[in-house]
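Peer 1: Below is one structure. I have some questions about it.
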Amino acid sequence: MSKFIKGFYFAWQGIAYSFRTQLNFKVEVFSALCVIAVSYYLGLSTAEWLWIALAITLVLVSELANTAIETLVDLVSPDYNPKAGIVKDISAAVVLLTGLFALVTGILILLPKILHAL
Ligand SMILES: Nc1ncnc2c1ncn2[C@@H]1O[C@H](COP(=O)(O)OP(=O)(O)OP(=O)(O)O)[C@@H](O)[C@H]1O
């Protein structure tokens, strides 16, 4: 396998590991699929699709980074350490912020269209 192809394989391993072990990542992937289906049904403009894609990407990327940081913290600091806790808390805060951004984006773009379609 070429080094280039191997890179994709390792990246996929990281996604598969996160999906297997992180309930939050599973929920976010399924939520993203639901949002994409609803967006397709509602017929978004190109700009609206880009905002939805940005929100979904930010949430999934931050959850993957959070999983990597948690795993690294558990590796280097398996025992209780206030600084290890702070690192995990900040990492979780990043996911929270991207989730809030996704929520606001979804409400601003999808809610008016859903109400109009009812
Ligand atoms: N080694 C540690 N030392 C101090 N506090 C920790 C440590 N590990 C975890 N904590 C605290 O417990 C919280 C939850 O940690 P945990 O590793 O269970 O994260 P989680 O988000 O619940 O992860 P997972 O998705 O694996 O369940 C952290 O945000 C942190 O405040």
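Quick note on naming: the chains in the structure tokens go A, B, ... in the order shown, residues restart at 1 in each chain, and ligands are numbered from 1 in order of appearance.
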List as an mmCIF file with C-alpha atoms, in the first residue's frame the protein and nucleic acid residues near Asp74 in chain A, meaning an atom at most 10 Å away when only C-alpha atoms are counted, but skip any in the same chain fewer than 6 places from it.
Peer 2:
data_model
loop_
_atom_site.group_PDB
_atom_site.id
_atom_site.type_symbol
_atom_site.label_atom_id
_atom_site.label_comp_id
_atom_site.auth_asym_id
_atom_site.auth_seq_id
_atom_site.Cartn_x
_atom_site.Cartn_y
_atom_site.Cartn_z
ATOM 1 C CA ALA A 68 -7.787 12.286 20.701
ATOM 2 C CA TYR A 80 -5.929 11.919 39.090
ATOM 3 C CA ALA A 84 -5.331 16.592 33.324
ATOM 4 C CA LYS A 88 -10.250 17.481 29.371
#
Peer 1: Would you kindly return, as an MDAnalysis selection string, each protein, DNA or RNA residue with an atom no farther than 10 Å from any atom of range 2-18 of chain A, considering only C-alpha atoms and excluding same-chain residues fewer than 5 positions away?
Peer 2: chainID A and resid 23:26 60 63:68
Peer 1: Could you please extract the residues within 8 Å of ligand 1, counting only C-alpha atoms and all ligand atoms, and hand them back as a PyMOL selection string?
Peer 2: chain A and resi 21-24+67+70-71+73-74+77-92
Peer 1: Now that the selection is made, can you save its residues with C-alpha atoms as a PDB file, in the first residue's frame?
Peer 2:
ATOM      1  CA  THR A  21     -16.154   4.097  21.580  1.00  0.00           C
ATOM      2  CA  GLN A  22     -17.812   7.544  21.792  1.00  0.00           C
ATOM      3  CA  LEU A  23     -21.577   7.686  22.229  1.00  0.00           C
ATOM      4  CA  ASN A  24     -21.499  11.461  21.566  1.00  0.00           C
ATOM      5  CA  THR A  67     -11.459  12.013  21.684  1.00  0.00           C
ATOM      6  CA  GLU A  70      -8.918  12.517  26.137  1.00  0.00           C
ATOM      7  CA  THR A  71      -7.013   9.442  24.956  1.00  0.00           C
ATOM      8  CA  VAL A  73      -4.469  12.614  28.650  1.00  0.00           C
ATOM      9  CA  ASP A  74      -5.379   9.089  29.837  1.00  0.00           C
ATOM     10  CA  SER A  77      -1.794  10.993  33.190  1.00  0.00           C
ATOM     11  CA  PRO A  78      -3.739   7.860  34.132  1.00  0.00           C
ATOM     12  CA  ASP A  79      -3.919   8.982  37.785  1.00  0.00           C
ATOM     13  CA  TYR A  80      -5.929  11.919  39.090  1.00  0.00           C
ATOM     14  CA  ASN A  81      -4.267  15.230  38.257  1.00  0.00           C
ATOM     15  CA  PRO A  82      -6.073  18.613  38.345  1.00  0.00           C
ATOM     16  CA  LYS A  83      -4.228  19.727  35.185  1.00  0.00           C
ATOM     17  CA  ALA A  84      -5.331  16.592  33.324  1.00  0.00           C
ATOM     18  CA  GLY A  85      -8.888  17.457  34.359  1.00  0.00           C
ATOM     19  CA  ILE A  86      -8.516  21.041  33.099  1.00  0.00           C
ATOM     20  CA  VAL A  87      -7.248  19.813  29.705  1.00  0.00           C
ATOM     21  CA  LYS A  88     -10.250  17.481  29.371  1.00  0.00           C
ATOM     22  CA  ASP A  89     -12.674  20.201  30.511  1.00  0.00           C
ATOM     23  CA  ILE A  90     -11.330  22.690  27.938  1.00  0.00           C
ATOM     24  CA  SER A  91     -11.466  20.031  25.242  1.00  0.00           C
ATOM     25  CA  ALA A  92     -15.108  19.327  26.163  1.00  0.00           C
TER      26      ALA A  92
END
Peer 1: From the list A:Trp49, A:Leu33, A:Val27, A:Thr57, which residue is nearest Ala102 in chain A when using only C-alpha atoms?
Peer 2: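 Using only C-alpha atoms, the shortest distance to Ala102 in chain A belongs to A:Thr57.
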Peer 1: Can you tell me how far CA of Leu54 in chain A sits from CA of Ala32 in chain A, in Å to one decimal?
Peer 2: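 We find that CA of Leu54 in chain A and CA of Ala32 in chain A lie 11.2 Å from each other.
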Peer 1: Pick out the closest residue to Ile107 in chain A from this set: A:Phe30, A:Tyr40, A:Trp51, A:Phe19. Count only C-alpha atoms.
Peer 2: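 Closest residue, counting only C-alpha atoms: A:Trp51.
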Peer 1: What's the 10 Å shell around Lys113 in chain A, counting only C-alpha atoms, without same-chain residues fewer than 4 positions away, as a list in words?
Peer 2: Ser39, Leu42, Gly43, Leu44, Ile107, Leu108, Ile109, Ala117 and Leu118 of chain A
Peer 1: For Leu110 in chain A, which of A:Val38, A:Ile56, A:Ala47, A:Met1 is the closest residue, counting only C-alpha atoms?
Peer 2: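 Looking at the shortest contact to Leu110 in chain A, the residue is A:Val38.
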Peer 1: Find, counting only C-alpha atoms, the residue in A:Val61, A:Leu111, A:His116, A:Gly106 that gets nearest to Val35 in chain A.
Peer 2: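 Checking each candidate against Val35 in chain A, we get A:Gly106 as the closest.
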Peer 1: Restricting the calculation to only C-alpha atoms, which member of A:Leu96, A:Tyr41, A:Cys34, A:Glu28 is positioned closest to Ile114 in chain A?
Peer 2: A:Tyr41
